[in-house]
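Below you'll find the structure, written out as structure tokens, and then a few comments.
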Protein chains: 2
Amino acid sequence: MGLRKLETCLSPALYEADLHSGSIVVIIDILRASSAICTAFENGAVSIIPVAEVHEAKEYKSRGYLVAAERDGFVLDFADFGNSPFNFTQEKVSGKTIVYSTTNGTGIIKMASSASAITVGSFLNISALAEWLIAREKDVVLFCAGWKNRFNLEDTVCAGAFAERLMNSRLYSTICDSTLAALDLWALAKNDLPGYIEKAAQRSRLKNKGLDDCLHFCLTPDFTRKIPVIKNGILVDNNL
Amino acid sequence: MGLRKLETCLSPALYEADLHSGSIVVIIDILRASSAICTAFENGAVSIIPVAEVHEAKEYKSRGYLVAAERDGFVLDFADFGNSPFNFTQEKVSGKTIVYSTTNGTGIIKMASSASAITVGSFLNISALAEWLIAREKDVVLFCAGWKNRFNLEDTVCAGAFAERLMNSRLYSTICDSTLAALDLWALAKNDLPGYIEKAAQRSRLKNKGLDDCLHFCLTPDFTRKIPVIKNGILVDNNL
């Protein structure tokens with residue numbers, strides 16, 4: 001078997017769905033959605049239903065679901081809590097299905113729906129997910145969620161960290177400039193990740209809203225070995 | 001006066017025209033369009049007419065214009081020459097108007113048409129253009145042409161080189177992650193630019209087609225002090 005192909009997409013605006021139908025797509029949105037999702041599964045969540053619209057989230061709430069919903073960092077009044085990973089405690093989420101309101105995330109899941117599989121990556125599950133990917137015999141696309149269709153540093157650096165692990169397995173090749181850039185930025189950032197991320201625009205946005213308490217946590221490797229995967233549009237723990 | 005804003009767009013797919021109506025847009029497509037354009041003006045070209053379609057280029061040819069036209073690196077049969085900067089010699093272009101066939105470039109010029117001004121940047125004119133930009137009192141967008149709407153390393157690194165000069169003037173501020181990434185990649189590349197670009201996908205594409213003879217030239221700083229600008233859809237030397 002030849003080497004598997006590794007590619008990186010630096011923003012949803014750059015995703016080319018028709019090129020990736022045979023690949024595993026790793027959605028990376030570390031500040032904070034993909035970190036929150038990994039945390040929820042570690043703390044015993046059964047599944048997470050991503051919904052695009054506020055009214056959908058509200059409808060689920062009226063049917064008794066636990067709802068995590070924010071817009072621009074602010075918790076919606078009907079929701080149980082916002083999107084910080086710190087909200088997804090064992091006490092709150094163990095054994096539960098959570099409805100997660102995310103316009104951006106839902107769009108990305110839809111864009112990637114033709115892929116062979118869709119999973120969710122963050123520093124929190126990096127070793128387990130990298131091993132899981134390597135154990136598959138598939139091409140991989142590291143899909144950075146970015147911010148409002150823009151490139152962002154934090155997701156790119158995390159993609160670089162995944163790329164380093166996959167390339168080190170010697171099972172992948174890449175001719176993708178985005179992957180090469182992500183690897184280089186990760187190499188610059190890895191010795192002091194919080195220090196590097198300090199300059200990122202999203203870091204300032206979270207700080208300005210007082211939502212940066214979870215920042216160091218989101219940059220912590222290997223908090224969990226959970227592999228969230230999308231099945232029928234819903235996030236579930238791959239091991240269950 | 002406050003600081004001017006510096007932003008970088010890493011691919012045409014990421015360009016947000018409505019945000020940049022007051023800015024000067026620098027189009028960067030160093031392998032090879034923006035390098036060829038800088039070379040043409042240094043060698044005495046009067047103007048360059050960018051055209052999108054092959055049939056338009058052919059029509060201009062029939063009217064006696066000098067035509068540079070390629071598709072995927074191959075010179076079109078009716079054209080005078082292809083898009084390598086080495087074709088734009090003084091002997092061929094001095095005193096002439098050149099028709100330049102470029103689907104990508106024409107699209108980008110159209111996208112940027114609402115900007116305050118559009119110019120063309122490469123390593124070949126980096127000092128002169130950076131000084132010219134600094135002398136204006138405008139926000140700047142470094143617009144990487146990329147490749148088929150994708151991110152590429154070489155234009156990003158060149159954007160980083162421009163960003164370094166502008167930021168060093170202390171007249172600009174940036175909260176743009178793309179600019180920060182470009183600055184970091186340039187910092188990695190600057191001590192051995194040809195060595196760094198060796199891994200770029202476009203470098204391999206040019207090599208495979210035997211079109212890489214101009215590579216080192218395209219990475220040479222300050223071959224010219226010309227500032228190509230778009231006026232009424234046509235590239236002209238700003239000093240004329």
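Labeling convention for the structure tokens: chains A, B, ... as they appear, residues from 1 per chain, ligands from 1 in order of appearance.
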Inset, instruction - Just the residues within 7 Å of Phe123 in chain A, please, counting only C-alpha atoms, with nothing from its chain fewer than 6 positions along; format it as a ChimeraX atom specification. - result: /A:158,218-222
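Using only C-alpha atoms, the chain B residues found within 9 Å of chain A amount to B:Cys9, B:Leu10, B:Ser11, B:Ala13, B:Leu14, B:Asn149, B:Arg150, B:Phe151, B:Asn152, B:Leu153, B:Ile175, B:Cys176, B:Asp177, B:Ser178, B:Leu180, B:Ala181, B:Asp184, B:Leu185, B:Leu188, B:Lys199, B:Ala200, B:Ala201, B:Gln202.
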Legend entry - 8 Å contact set for Thr39 in chain A, only C-alpha atoms, chain neighbours under 5 positions out, as a PyMOL selection string: chain A and resi 85+88-89+124+223-224
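You can rank B:Asp18, B:Glu53, B:Glu7, B:Glu42 by their closest distance to Gly107 in chain B using only C-alpha atoms, and at the top of that list sits B:Glu53.
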Inset, instruction - Using only C-alpha atoms, determine which residues lie at most 10 Å from Tyr172 in chain B, disregarding the query and same-chain residues fewer than 3 positions distant; provide the list as number ranges by chain. - result: B: 2-7, 134, 138-140, 163, 166-169
Write the residues of the selection above to a file with C-alpha atoms, as a PDB file, in the first residue's frame.
```
ATOM      1  CA  GLY B   2      -4.090  56.309  14.708  1.00  0.00           C
ATOM      2  CA  LEU B   3      -2.158  53.380  13.353  1.00  0.00           C
ATOM      3  CA  ARG B   4      -3.076  52.040   9.973  1.00  0.00           C
ATOM      4  CA  LYS B   5      -4.469  48.542   9.753  1.00  0.00           C
ATOM      5  CA  LEU B   6      -2.487  45.751   8.145  1.00  0.00           C
ATOM      6  CA  GLU B   7      -4.289  42.615   6.999  1.00  0.00           C
ATOM      7  CA  ILE B 134       4.397  53.432   4.075  1.00  0.00           C
ATOM      8  CA  LYS B 138      -3.910  53.977   4.105  1.00  0.00           C
ATOM      9  CA  ASP B 139      -4.704  50.580   5.536  1.00  0.00           C
ATOM     10  CA  VAL B 140      -3.030  47.775   3.594  1.00  0.00           C
ATOM     11  CA  ALA B 163       4.381  42.715   6.692  1.00  0.00           C
ATOM     12  CA  LEU B 166       5.391  47.673   7.290  1.00  0.00           C
ATOM     13  CA  MET B 167       5.279  46.666  10.974  1.00  0.00           C
ATOM     14  CA  ASN B 168       8.880  47.859  11.434  1.00  0.00           C
ATOM     15  CA  SER B 169       7.741  51.330  10.345  1.00  0.00           C
TER      16      SER B 169
END
```
Legend entry - Those in range 78-168 of chain A with strand (DSSP E) from DSSP, as a PyMOL selection string: chain A and resi 97-101+117-121+140-144
Show which residues sit within 10 Å of Arg165 in chain A, as an mmCIF file with C-alpha atoms, in the first residue's frame. Count only C-alpha atoms, and ignore same-chain residues fewer than 4 positions away.
```cif
data_model
loop_
_atom_site.group_PDB
_atom_site.id
_atom_site.type_symbol
_atom_site.label_atom_id
_atom_site.label_comp_id
_atom_site.auth_asym_id
_atom_site.auth_seq_id
_atom_site.Cartn_x
_atom_site.Cartn_y
_atom_site.Cartn_z
ATOM 1 C CA ILE A 126 -4.522 14.546 20.509
ATOM 2 C CA SER A 127 -2.617 11.333 21.315
ATOM 3 C CA ALA A 130 -3.666 10.552 16.287
ATOM 4 C CA GLU A 131 -3.264 6.849 17.165
ATOM 5 C CA ILE A 134 -2.944 6.086 12.155
ATOM 6 C CA GLY A 160 0.257 21.192 12.879
ATOM 7 C CA ALA A 161 0.487 19.156 16.085
ATOM 8 C CA SER A 169 4.315 7.532 11.691
ATOM 9 C CA ARG A 170 5.815 7.516 8.181
#
```
Legend entry - Those of range 5-221 of chain A in DSSP helix (DSSP H, G or I), formatted as a count of residues only: 106
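Note that CA of Ile98 in chain A and CA of Pro50 in chain A are 8.5 Å apart.
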Inset, instruction - Write out as a PyMOL selection string which residues come within 10 Å of Leu66 in chain A when counting only C-alpha atoms, dropping same-chain ones fewer than 3 positions away. - result: chain A and resi 48+57+60-63+69+79-81+92-93+96-100
